[in-house]
$ cat query-v4.txt   # compact mmCIF, C-alpha atoms
# COMPACT_ATOMS: atom_id res chain seq x y z
CA MET A 1 27.68 31.46 52.79
CA SER A 2 28.54 28.77 50.27
CA ALA A 3 32.14 29.01 51.47
CA LEU A 4 30.93 28.22 54.98
CA ILE A 5 29.08 25.12 53.74
CA VAL A 6 32.18 23.99 51.88
CA ASP A 7 34.25 24.40 55.04
CA ILE A 8 31.73 22.48 57.13
CA ILE A 9 31.61 19.58 54.66
CA LEU A 10 35.38 19.62 54.34
CA TRP A 11 36.23 19.61 58.04
CA GLY A 12 33.34 17.21 58.68
CA SER A 13 34.95 14.74 56.27
CA VAL A 14 38.30 15.25 57.94
CA ALA A 15 36.69 14.54 61.33
CA VAL A 16 34.89 11.39 60.12
CA LEU A 17 38.01 9.95 58.49
CA GLY A 18 40.03 11.01 61.53
CA VAL A 19 37.74 8.97 63.78
CA MET A 20 38.06 6.00 61.42
CA VAL A 21 41.85 6.23 61.62
CA TRP A 22 41.72 6.71 65.38
CA GLN A 23 39.80 3.44 65.72
CA ARG A 24 42.92 1.72 64.45
CA GLY A 25 44.84 3.09 67.37
CA ARG A 26 46.08 6.35 68.71
CA THR A 27 49.61 5.96 67.33
CA VAL A 28 48.21 5.39 63.84
CA LEU A 29 46.25 8.61 64.12
CA VAL A 30 49.27 10.54 65.38
CA ALA A 31 51.38 9.19 62.51
CA SER A 32 48.75 10.13 59.90
CA VAL A 33 48.27 13.61 61.30
CA ARG A 34 52.03 14.03 61.28
CA GLU A 35 52.23 12.87 57.66
CA GLY A 36 49.42 15.22 56.62
CA THR A 37 50.99 18.14 58.43
CA LEU A 38 54.37 17.46 56.82
CA ASP A 39 52.71 17.44 53.41
CA PHE A 40 51.09 20.74 54.31
CA VAL A 41 54.40 22.29 55.32
CA ASN A 42 55.98 21.05 52.10
CA ILE A 43 53.21 22.46 49.99
CA VAL A 44 52.77 25.90 51.55
CA PRO A 45 55.72 27.54 49.73
CA ARG A 46 54.51 26.15 46.38
CA ILE A 47 50.97 27.35 47.02
CA ALA A 48 52.38 30.75 48.00
CA ILE A 49 54.20 31.02 44.67
CA GLY A 50 51.08 29.82 42.85
CA VAL A 51 48.59 32.15 44.54
CA ILE A 52 50.75 35.25 44.43
CA GLY A 53 52.09 34.49 40.98
CA ALA A 54 48.68 33.77 39.47
CA GLY A 55 47.51 37.26 40.41
CA TYR A 56 50.30 38.84 38.37
CA ILE A 57 49.80 36.54 35.41
CA ALA A 58 46.08 37.32 35.47
CA ALA A 59 46.83 41.05 35.54
CA VAL A 60 48.84 40.69 32.33
CA ILE A 61 46.09 38.86 30.38
CA PRO A 62 43.05 41.14 29.95
CA SER A 63 39.69 39.39 29.69
CA GLU A 64 38.81 41.17 26.41
CA VAL A 65 41.50 39.07 24.79
CA ILE A 66 39.76 35.90 25.95
CA THR A 67 36.27 36.85 24.75
CA GLY A 68 37.78 37.99 21.45
CA TRP A 69 38.96 34.42 20.90
CA LEU A 70 35.47 32.96 21.32
CA GLY A 71 34.31 33.44 17.76
CA ALA A 72 30.60 33.45 16.96
CA ASP A 73 29.35 30.27 15.25
CA SER A 74 32.72 29.62 13.75
CA GLY A 75 32.78 25.84 13.38
CA TRP A 76 35.81 23.79 14.31
CA LEU A 77 38.21 26.72 14.12
CA GLY A 78 36.01 28.41 16.71
CA VAL A 79 36.15 25.28 18.87
CA LEU A 80 39.94 25.35 18.63
CA MET A 81 40.07 29.02 19.59
CA ALA A 82 37.62 28.39 22.43
CA THR A 83 39.86 25.61 23.72
CA VAL A 84 42.91 27.88 23.69
CA ALA A 85 40.87 30.62 25.35
CA GLY A 86 39.71 28.24 28.09
CA ALA A 87 43.27 27.21 28.87
CA ALA A 88 44.43 30.85 28.91
CA THR A 89 41.62 32.21 31.08
CA PRO A 90 43.05 33.65 34.27
CA GLY A 91 41.20 33.75 37.57
CA GLY A 92 38.77 31.45 39.31
CA PRO A 93 35.37 30.01 38.40
CA VAL A 94 33.60 33.38 38.49
CA ILE A 95 35.73 34.71 35.65
CA GLY A 96 35.69 31.48 33.67
CA PHE A 97 31.91 31.08 33.73
CA SER A 98 31.21 34.80 33.36
CA LEU A 99 33.28 35.00 30.20
CA GLY A 100 31.43 31.93 28.92
CA ALA A 101 28.09 33.64 29.65
CA VAL A 102 29.26 36.88 27.99
CA ALA A 103 30.37 34.98 24.90
CA MET A 104 27.03 33.18 24.74
CA LYS A 105 25.14 36.50 24.94
CA ALA A 106 27.46 37.96 22.32
CA GLY A 107 26.41 35.21 19.94
CA ALA A 108 29.02 32.49 20.25
CA GLY A 109 27.73 29.05 19.29
CA PRO A 110 26.82 26.63 22.10
CA PRO A 111 29.38 24.00 20.98
CA GLN A 112 32.09 26.66 21.16
CA VAL A 113 30.95 27.72 24.63
CA ILE A 114 30.87 24.07 25.75
CA ALA A 115 34.40 23.63 24.41
CA TYR A 116 35.45 26.77 26.26
CA VAL A 117 33.96 25.70 29.60
CA VAL A 118 35.31 22.14 29.29
CA ALA A 119 38.76 23.37 28.27
CA TRP A 120 38.74 25.81 31.15
CA ALA A 121 37.79 22.99 33.55
CA LEU A 122 40.49 20.73 32.15
CA PHE A 123 43.45 23.04 31.69
CA ALA A 124 42.97 26.54 33.06
CA PHE A 125 46.64 27.41 33.54
CA GLN A 126 45.97 29.10 36.83
CA ARG A 127 44.53 25.95 38.39
CA LEU A 128 47.39 23.85 37.01
CA ILE A 129 49.96 26.23 38.46
CA LEU A 130 48.22 26.97 41.69
CA TRP A 131 46.84 23.60 42.67
CA GLU A 132 47.72 20.67 40.49
CA ILE A 133 51.49 21.06 40.18
CA PRO A 134 52.10 21.71 43.88
CA PHE A 135 50.11 18.66 44.97
CA MET A 136 50.60 16.07 42.27
CA PRO A 137 53.77 14.61 40.77
CA ALA A 138 54.68 16.94 37.87
CA ARG A 139 54.87 13.96 35.50
CA PHE A 140 51.26 13.12 36.30
CA VAL A 141 50.10 16.69 35.68
CA TRP A 142 51.67 16.96 32.23
CA PHE A 143 50.51 13.48 31.35
CA ARG A 144 46.97 14.25 32.43
CA ALA A 145 46.88 17.54 30.53
CA ALA A 146 48.20 15.88 27.36
CA VAL A 147 45.69 13.04 27.58
CA SER A 148 42.86 15.56 28.15
CA LEU A 149 43.64 17.55 24.98
CA PRO A 150 41.04 15.85 22.73
CA PHE A 151 38.15 16.25 25.15
CA PRO A 152 37.02 19.85 24.53
CA PHE A 153 36.67 18.77 20.91
CA VAL A 154 34.82 15.59 21.89
CA ALA A 155 32.46 17.66 24.05
CA ALA A 156 31.86 20.12 21.19
CA ALA A 157 31.19 17.21 18.81
CA ILE A 158 28.65 15.69 21.21
CA ALA A 159 27.06 19.14 21.60
CA MET A 160 26.76 19.48 17.82
CA VAL A 161 25.19 16.02 17.53
CA ILE A 162 22.63 16.21 20.32
CA GLY A 163 21.89 19.89 19.75
CA LYS A 164 21.07 22.65 22.14
CA PRO A 165 18.39 22.22 24.79
CA MET B 1 37.50 -0.10 26.44
CA ALA B 2 38.03 -2.17 29.52
CA GLU B 3 41.31 -3.44 28.42
CA LEU B 4 42.42 -6.19 30.68
CA PRO B 5 45.83 -7.63 30.08
CA LEU B 6 44.81 -11.03 31.41
CA LYS B 7 47.95 -12.32 32.96
CA ASP B 8 48.16 -14.27 36.11
CA PRO B 9 47.41 -12.20 39.18
CA ALA B 10 50.01 -9.55 38.66
CA PRO B 11 53.29 -10.18 40.44
CA ALA B 12 53.26 -6.51 41.27
CA ASP B 13 53.86 -7.06 44.95
CA ASP B 14 57.59 -7.14 45.05
CA ALA B 15 60.01 -6.26 47.77
CA ALA B 16 58.72 -2.73 47.98
CA ASP B 17 55.61 -3.99 49.70
CA THR B 18 57.36 -5.33 52.74
CA GLU B 19 58.69 -1.93 53.60
CA PRO B 20 56.48 0.55 55.39
CA ARG B 21 54.31 2.67 53.16
CA PRO B 22 56.59 4.79 51.04
CA GLY B 23 56.33 8.44 51.92
CA ARG B 24 55.68 10.79 49.08
CA ILE B 25 58.98 11.59 47.55
CA ARG B 26 59.08 15.18 46.50
CA LYS B 27 61.86 17.03 44.91
CA PRO B 28 61.79 20.41 46.62
CA ILE B 29 62.25 22.29 43.37
CA GLY B 30 61.37 20.73 40.05
CA TRP B 31 61.49 22.15 36.56
CA SER B 32 57.81 22.95 36.66
CA MET B 33 58.26 25.22 39.66
CA ILE B 34 61.26 26.94 38.07
CA VAL B 35 59.26 27.68 34.91
CA ILE B 36 56.42 29.07 37.01
CA VAL B 37 58.74 31.28 39.05
CA VAL B 38 60.29 32.69 35.86
CA LEU B 39 56.85 33.28 34.34
CA VAL B 40 55.69 35.06 37.49
CA ALA B 41 58.84 37.20 37.59
CA VAL B 42 58.25 38.30 33.99
CA CYS B 43 54.63 39.18 34.78
CA VAL B 44 55.63 41.13 37.90
CA VAL B 45 57.99 43.21 35.75
CA LEU B 46 55.24 43.77 33.16
CA VAL B 47 52.80 44.89 35.84
CA TRP B 48 55.46 47.12 37.39
CA ARG B 49 56.22 48.80 34.06
CA ARG B 50 52.54 49.34 33.39
CA ASP B 51 51.21 50.27 36.84
CA GLY B 52 54.31 51.12 38.86
CA VAL B 53 55.09 49.97 42.39
CA ASP B 54 51.51 50.63 43.54
CA GLY B 55 50.15 48.16 41.01
CA VAL B 56 52.60 45.51 42.20
CA THR B 57 51.84 45.97 45.91
CA GLU B 58 48.09 46.09 45.34
CA ILE B 59 48.11 42.66 43.68
CA LEU B 60 50.53 41.37 46.31
CA PHE B 61 48.24 42.32 49.20
CA SER B 62 45.06 40.98 47.64
CA ASP B 63 46.84 37.72 46.81
CA LEU B 64 48.26 37.45 50.31
CA GLU B 65 44.75 37.82 51.68
CA LEU B 66 43.55 35.06 49.37
CA PHE B 67 46.53 32.93 50.42
CA GLY B 68 45.66 33.34 54.11
CA GLY B 69 42.08 32.33 53.44
CA ILE B 70 43.12 29.22 51.53
CA LEU B 71 45.65 27.87 54.02
CA PRO B 72 43.25 26.20 56.50
CA ARG B 73 41.57 24.38 53.62
CA VAL B 74 44.90 23.23 52.29
CA LEU B 75 45.66 21.80 55.73
CA ALA B 76 42.28 20.03 55.74
CA GLY B 77 43.02 18.63 52.27
CA CYS B 78 46.43 17.33 53.33
CA LEU B 79 44.96 15.66 56.42
CA LEU B 80 42.22 14.14 54.27
CA GLY B 81 44.84 12.77 51.88
CA ALA B 82 46.86 11.26 54.74
CA PHE B 83 43.76 9.68 56.32
CA VAL B 84 42.59 8.25 53.01
CA ALA B 85 46.04 6.74 52.46
CA GLU B 86 45.91 5.22 55.94
CA ILE B 87 42.37 3.85 55.75
CA LEU B 88 42.59 2.35 52.28
CA PRO B 89 44.95 -0.62 52.30
CA HIS B 90 47.49 -0.86 49.50
CA GLU B 91 46.30 -4.21 48.14
CA LYS B 92 42.68 -3.13 47.97
CA VAL B 93 43.48 0.15 46.23
CA SER B 94 45.72 -1.48 43.67
CA ARG B 95 43.06 -4.08 42.99
CA ALA B 96 40.23 -1.53 42.74
CA LEU B 97 42.12 1.33 41.08
CA GLY B 98 45.36 -0.19 39.82
CA PRO B 99 46.52 -0.71 36.23
CA ASN B 100 44.57 -3.96 35.95
CA SER B 101 41.33 -2.67 37.42
CA GLY B 102 39.70 -2.30 34.00
CA LEU B 103 36.55 -0.29 33.40
CA LYS B 104 35.48 -0.79 37.00
CA GLY B 105 38.53 1.07 38.29
CA LEU B 106 37.80 3.98 35.97
CA LEU B 107 34.17 4.03 37.12
CA ILE B 108 35.22 4.02 40.77
CA GLY B 109 37.67 6.86 40.10
CA THR B 110 34.95 8.82 38.30
CA ALA B 111 32.45 8.29 41.11
CA PHE B 112 35.05 9.27 43.68
CA GLY B 113 35.84 12.52 41.86
CA ALA B 114 32.15 13.34 41.45
CA ILE B 115 31.22 12.94 45.12
CA LEU B 116 34.38 14.29 46.76
CA PRO B 117 33.48 17.32 48.87
CA GLY B 118 35.43 20.55 48.76
CA GLY B 119 37.50 22.10 46.04
CA PRO B 120 40.96 21.70 44.55
CA PHE B 121 42.36 21.67 48.06
CA THR B 122 40.79 18.23 48.57
CA VAL B 123 40.84 16.57 45.17
CA TYR B 124 44.55 16.95 44.46
CA PRO B 125 45.87 15.76 47.85
CA VAL B 126 43.46 12.80 47.80
CA ALA B 127 44.38 11.90 44.21
CA ALA B 128 48.08 12.14 45.10
CA ALA B 129 47.49 9.89 48.13
CA LEU B 130 45.68 7.32 45.99
CA LEU B 131 48.58 7.31 43.53
CA THR B 132 51.01 6.53 46.33
CA VAL B 133 48.88 3.67 47.66
CA GLY B 134 48.46 1.87 44.36
CA ALA B 135 46.05 3.67 42.03
CA ASP B 136 47.34 3.98 38.47
CA PHE B 137 47.44 7.10 36.29
CA GLY B 138 44.25 6.06 34.49
CA ALA B 139 42.11 5.92 37.63
CA ALA B 140 43.66 9.11 39.02
CA ILE B 141 43.02 10.92 35.73
CA ALA B 142 39.40 9.72 35.75
CA MET B 143 39.07 11.08 39.28
CA VAL B 144 40.62 14.50 38.62
CA VAL B 145 38.75 14.98 35.33
CA SER B 146 35.50 13.83 36.92
CA TRP B 147 35.95 16.35 39.71
CA THR B 148 36.52 19.24 37.32
CA LEU B 149 33.76 18.27 34.87
CA ILE B 150 30.94 16.65 36.84
CA GLY B 151 31.75 17.44 40.47
CA TYR B 152 28.67 19.02 41.98
CA GLY B 153 30.48 21.62 44.10
CA ARG B 154 31.56 24.03 41.42
CA ALA B 155 28.46 23.42 39.28
CA ILE B 156 26.07 24.35 42.08
CA VAL B 157 28.01 27.26 43.53
CA TRP B 158 29.27 28.93 40.34
CA GLU B 159 27.97 27.48 37.11
CA LEU B 160 24.21 27.36 37.88
CA PRO B 161 23.88 31.01 38.86
CA ILE B 162 26.14 32.34 36.10
CA MET B 163 25.41 30.09 33.13
CA GLY B 164 21.82 29.10 33.96
CA THR B 165 20.26 25.72 34.72
CA ASP B 166 19.67 24.63 31.11
CA PHE B 167 23.24 25.17 30.03
CA THR B 168 24.70 23.61 33.17
CA LEU B 169 22.64 20.42 32.94
CA TRP B 170 23.32 20.15 29.21
CA ARG B 171 27.04 20.64 29.79
CA ILE B 172 27.13 18.03 32.58
CA VAL B 173 25.25 15.44 30.49
CA ILE B 174 27.72 15.97 27.64
CA SER B 175 30.61 15.68 30.10
CA LEU B 176 29.44 12.43 31.72
CA PRO B 177 31.45 10.04 29.50
CA LEU B 178 34.58 12.20 29.41
CA PRO B 179 36.27 11.15 32.70
CA ILE B 180 36.04 7.48 31.77
CA LEU B 181 37.30 8.15 28.23
CA ALA B 182 40.15 10.30 29.60
CA GLY B 183 41.08 7.61 32.12
CA ALA B 184 40.97 4.88 29.47
CA LEU B 185 43.06 6.95 27.08
CA GLY B 186 45.50 7.75 29.89
CA ARG B 187 45.87 4.09 30.79
CA PHE B 188 46.26 3.10 27.13
CA VAL B 189 48.97 5.71 26.48
CA TYR B 190 50.71 5.03 29.79
CA LEU B 191 51.07 1.32 29.05
CA ARG B 192 52.59 2.18 25.65
CA ILE B 193 55.03 4.71 27.06
CA TYR B 194 56.03 2.77 30.16
CA PRO B 195 55.45 -0.88 29.29
CA LYS B 196 57.56 -2.03 32.22
CA GLY B 197 55.89 0.13 34.85
CA ALA B 198 56.63 3.62 35.98
CA PRO B 199 60.19 4.89 36.04
CA PRO B 200 61.33 6.14 39.43

$ encode --input "query-v4.txt" --output "C-alpha cells"
Amino acid sequence: MSALIVDIILWGSVAVLGVMVWQRGRTVLVASVREGTLDFVNIVPRIAIGVIGAGYIAAVIPSEVITGWLGADSGWLGVLMATVAGAATPGGPVIGFSLGAVAMKAGAGPPQVIAYVVAWALFAFQRLILWEIPFMPARFVWFRAAVSLPFPFVAAAIAMVIGKP
Amino acid sequence: MAELPLKDPAPADDAADTEPRPGRIRKPIGWSMIVIVVLVAVCVVLVWRRDGVDGVTEILFSDLELFGGILPRVLAGCLLGAFVAEILPHEKVSRALGPNSGLKGLLIGTAFGAILPGGPFTVYPVAAALLTVGADFGAAIAMVVSWTLIGYGRAIVWELPIMGTDFTLWRIVISLPLPILAGALGRFVYLRIYPKGAPP
C-alpha cells in the first residue's frame, strides 16, 4: 500500500517535471529523456551487483551480532559501539529500525539508540553499496561519509543534554 | 557558519560554460565497484560453505525479485534527475547551491532533501544531477543527509510504526541541525583539501 503511494508520488513528479521540460520544446524533452535513459542503462549493472551482493553480505552478518554491540547505558563507549553497529547493519529500514526497537526494549540507553539510528541512516553499508556509489561520484560518497562521521556522536550528545521525552 | 569568501563575483564561469552541458562522466569500473565485487564474492563463498548451493540460489532468487521490483523506480529516478538538470539553469544552481552560496545554499539543500518524494532511487540521481549543474559538495551533502535524517518518507512508513511516535519525533528534532552542520563541515573541509576547485 505505502509502496503504491510512493510510486504514485514518484511517477507524478516525473510527469510534472516532464511537462515542464516539454514546455521548452519537444526536442528538449526528447534529449532529456534520452539522457535519463542512458543514465539508467549505465546504472543497471551497478545496481544489479549492489542488490544481489547485499543479500549475500547480509546473510554473513547475523543480527544478533548487531544487537550485541548496542550496550545498555554504556556511555560514550556505547555510543561508539552503536555507531559501528549502525554502519554494519545489513538490510533495509525494517531491520535497522527493528534492531533499534529491540535494543531499546532490552535496555539500551536512548542516546545510544539515537546514535545507532542516526549512524544507520548516515552510513549503513548496504545503502552506500547499493544506492550511493552507483549513482554518485565515488569521491563524493567517501567524502560525504567521512564528513558525516562526527554526527552520530553529536546526535547522542544532544540527546543526553535535552533528555528523553 | 555561513562562511562567505567575499571575493568579486566568482570568475567561475570559464570556457567550460560555453560548451553544452557536460554529460556525467562515469568510469565504467572504479575502485569502489571492484572492492564491492570482491567483498560480494567472498560472502558468496562463505554462504556456499555454510549453506551449500541451495543457500546461494535461494538468496540469488530473492535478490533478483527485489532487483526486478526496484528497476522501474530507478528509471523514474534517472528521468527525474535528467529533468531537474534540464529545468534548473546552471547559473541559478551555482548561485543558489554553489560553493559561495553560504548558509542559504545549505538551507535550500536541506529543504530539498526533506521534501523530495520517493526513496534512494530519487535522492541520489537528483543529487548527482545537481552536482553536475553547479551545486557544490556542501549543498549536496546537506541534501543527502537531510533526506536520510529528516525526510518524511522513511520516517512515516518505517520509523513511526516500529519505533513509536515519541521516539521518532524526538529523533527528528535532534536531527534537524545535522544536515546543515554536515554541509557546512563538508564545505569547510572541501575548501581546505581542494583550494583551487575540484580536480578532474

$ residues_near_point --input "query-v4.txt" --point "(59.6, 35.0, 37.3)" --cutoff "12 Å" --atoms "only C-alpha atoms" --output "ChimeraX atom specification"
/A:49-50,52-54,56-57 /B:33-46

$ closest_atom_pairs --input "query-v4.txt" --of "chain A" --to "chain B" --cutoff "6 Å" --atoms "all atoms listed in the file" --output "CSV"
residue,atom,partner,partner_atom,distance
A:Val6,CA,B:Gly118,CA,5.7
A:Leu10,CA,B:Gly118,CA,5.7
A:Val14,CA,B:Leu80,CA,5.5
A:Ser32,CA,B:Ala82,CA,5.6
A:Gly36,CA,B:Leu79,CA,4.5
A:Phe40,CA,B:Leu75,CA,5.7
A:Ile52,CA,B:Asp63,CA,5.2
A:Gly53,CA,B:Val40,CA,5.0
A:Tyr56,CA,B:Cys43,CA,5.6
A:Ile57,CA,B:Cys43,CA,5.5
A:Ala101,CA,B:Met163,CA,5.6
A:Ala121,CA,B:Thr148,CA,5.5
A:Phe135,CA,B:Tyr124,CA,5.8
A:Met136,CA,B:Ala128,CA,5.5
A:Val147,CA,B:Gly186,CA,5.8

$ atom_distance --input "query-v4.txt" --atom1 "atom CA of Ala58 of chain A" --atom2 "atom CA of Gly91 of chain A"
6.4 Å

$ residues_around --input "query-v4.txt" --residues "Ile133 of chain A" --least-positions-apart "4" --cutoff "9 Å" --atoms "all atoms listed in the file" --output "list in words"
Arg46, Arg127, Leu128, Ile129, Pro137, Ala138, Phe140, Val141 and Trp142 of chain A; Ser32 and Met33 of chain B

$ closest_residue --input "query-v4.txt" --among "B:Met143, B:Leu97, B:Ile193, B:Leu88" --to "Ala111 of chain B" --atoms "only C-alpha atoms"
B:Met143

$ atom_distance --input "query-v4.txt" --atom1 "atom CA of Ala156 of chain A" --atom2 "atom CA of Val79 of chain A"
7.1 Å

$ atom_distance --input "query-v4.txt" --atom1 "atom CA of Val30 of chain A" --atom2 "atom CA of Asp136 of chain B"
27.8 Å
